[in-house]
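See below for the structure under consideration.
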Amino acid sequence: MVCPVEKAKTRMLKVGKLIKTSPDSGFTLMELIVVLFIISIMLVLTIPEFSQRILRDDTETTLNWIVFNVSKLKKEAGYQGKDFFMCISPDTNTISIRVNSPDPESSEGKVIADFLLPEDVTLDGVEFNMSGQKTDNASCIQFYKKKYSDHAIIHISNNHGKTFSCLIQPFLHKVKIYEKYIQFE
């Protein structure tokens, strides 16, 4: 005679197509140790990379903002058929993006975005490859309708004494970052 519990197990096996397990099945201690060892090695290798990508400092955030917006402005100027300006203001430690006119009082120019740099990052100024593009309180890099820009270098420093130079080339969408102060020849 078959007990009712065994009958229920057999019925579950047929309907759910489950595999019948023995009471002493499971993982051995050695298998658990090997799995934990593999997981710990993976964590040791990935945590430094993870923390480096997630926990960025303010300088890297600022540099990434500049790189992203320079590339975007070159593309958008061509797509929208408008001139864009990235205005650097070392006295207020801000970078603003404007359309059609670099002058904030102009009726045709409007501010699209303002980026206030973090406290430990300082704008040291902008240098142009051509003379006559620098104003007293703000320097604006122009992004033209034909998808190119002014040839300029943005200088940034942080509280740790590091200086960075972002080289913006007229016909390239990438910004070259130097971990030193560079100038045009």
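Going by the structure tokens order, chains are called A, B, ..., each with residues numbered from 1, while ligands are numbered from 1 in the order shown.
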
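For Met130 in chain A, the non-local neighbours within 9 Å, defined as residues at least 3 positions apart in the same chain or in other chains and counting only C-alpha atoms, are Glu127, Gln133, Asp150, His151 and Ala152 of chain A.
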
Write to file, as a tab-separated table (two decimals), in the first residue's frame, the residues of the selection just made, with N, CA and C atoms.
```tsv
chain	number	residue	atom	x	y	z
A	127	GLU	N	42.02	80.90	-23.56
A	127	GLU	CA	43.02	81.43	-24.48
A	127	GLU	C	42.59	81.06	-25.90
A	133	GLN	N	39.71	88.07	-29.42
A	133	GLN	CA	38.49	87.36	-29.05
A	133	GLN	C	38.24	87.37	-27.56
A	150	ASP	N	35.64	78.00	-32.60
A	150	ASP	CA	36.89	78.73	-32.42
A	150	ASP	C	37.94	77.78	-31.87
A	151	HIS	N	39.19	78.09	-32.15
A	151	HIS	CA	40.32	77.31	-31.62
A	151	HIS	C	40.67	77.91	-30.26
A	152	ALA	N	40.41	77.17	-29.19
A	152	ALA	CA	40.57	77.75	-27.85
A	152	ALA	C	41.06	76.71	-26.85
```

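The coordinates place CA of Thr122 in chain A at 14.8 Å from CA of Cys87 in chain A.
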
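Computed from the coordinates, the CA of Cys140 in chain A to CA of Phe85 in chain A distance equals 5.8 Å.
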
Spatial neighbours of Gly78 in chain A, 6 Å, only C-alpha atoms, chain gap at least 4 places, as a PDB file with C-alpha atoms, in the first residue's frame:
```pdb
ATOM      1  CA  LYS A 145      26.471  76.829 -38.128  1.00  0.00           C
ATOM      2  CA  LYS A 146      28.946  74.875 -40.252  1.00  0.00           C
ATOM      3  CA  LYS A 147      29.746  72.516 -37.313  1.00  0.00           C
TER       4      LYS A 147
END
```

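For the pair CA of Leu123 in chain A and CA of Val175 in chain A, the separation is 16.6 Å.
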
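Residue nearest Ile66 in chain A within the list A:Phe164, A:Phe27, A:Phe128, A:Tyr79: A:Phe164 [criterion: smallest interatomic distance, only C-alpha atoms].
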
Running DSSP on the backbone, which parts of range 36-119 of chain A land in strand (DSSP E or B), as an mmCIF file with C-alpha atoms, in the first residue's frame?
```
data_model
loop_
_atom_site.group_PDB
_atom_site.id
_atom_site.type_symbol
_atom_site.label_atom_id
_atom_site.label_comp_id
_atom_site.auth_asym_id
_atom_site.auth_seq_id
_atom_site.Cartn_x
_atom_site.Cartn_y
_atom_site.Cartn_z
ATOM 1 C CA PHE A 84 26.089 78.916 -30.119
ATOM 2 C CA PHE A 85 28.462 80.460 -27.584
ATOM 3 C CA MET A 86 30.146 78.894 -24.554
ATOM 4 C CA CYS A 87 30.966 81.850 -22.322
ATOM 5 C CA ILE A 88 33.627 81.387 -19.654
ATOM 6 C CA SER A 89 33.451 83.761 -16.655
ATOM 7 C CA THR A 94 30.569 79.900 -14.294
ATOM 8 C CA ILE A 95 30.252 78.601 -17.816
ATOM 9 C CA SER A 96 27.116 79.585 -19.705
ATOM 10 C CA ILE A 97 25.810 78.457 -23.074
ATOM 11 C CA ARG A 98 24.016 81.020 -25.222
ATOM 12 C CA VAL A 99 22.307 81.070 -28.615
ATOM 13 C CA LYS A 110 19.329 83.781 -24.790
ATOM 14 C CA VAL A 111 20.990 81.642 -22.137
ATOM 15 C CA ILE A 112 20.383 77.925 -22.599
ATOM 16 C CA ALA A 113 22.413 76.608 -19.671
ATOM 17 C CA ASP A 114 24.545 77.858 -16.790
ATOM 18 C CA PHE A 115 27.107 75.683 -15.056
ATOM 19 C CA LEU A 116 28.443 76.885 -11.716
#
```

(message) Can you pull out the residues contacting Ile154 in chain A? Cut-off 10 Å, using only C-alpha atoms, and skip same-chain residues under 6 positions away; I want them as a PyMOL selection string.
(response) chain A and resi 63+66+88+123-128+139+141+164-168+177+181-183

(request) Taking the DSSP assignment computed from this structure's backbone, write out as a ChimeraX atom specification all residues of range 24-99 of chain A that belong to helix (DSSP H, G or I). (result) /A:29-54,58-80

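Comparing A:Ser40, A:Asn129, A:Thr46, A:Thr62 by their smallest distance to Asn93 in chain A, the closest is A:Thr62 (using only C-alpha atoms).
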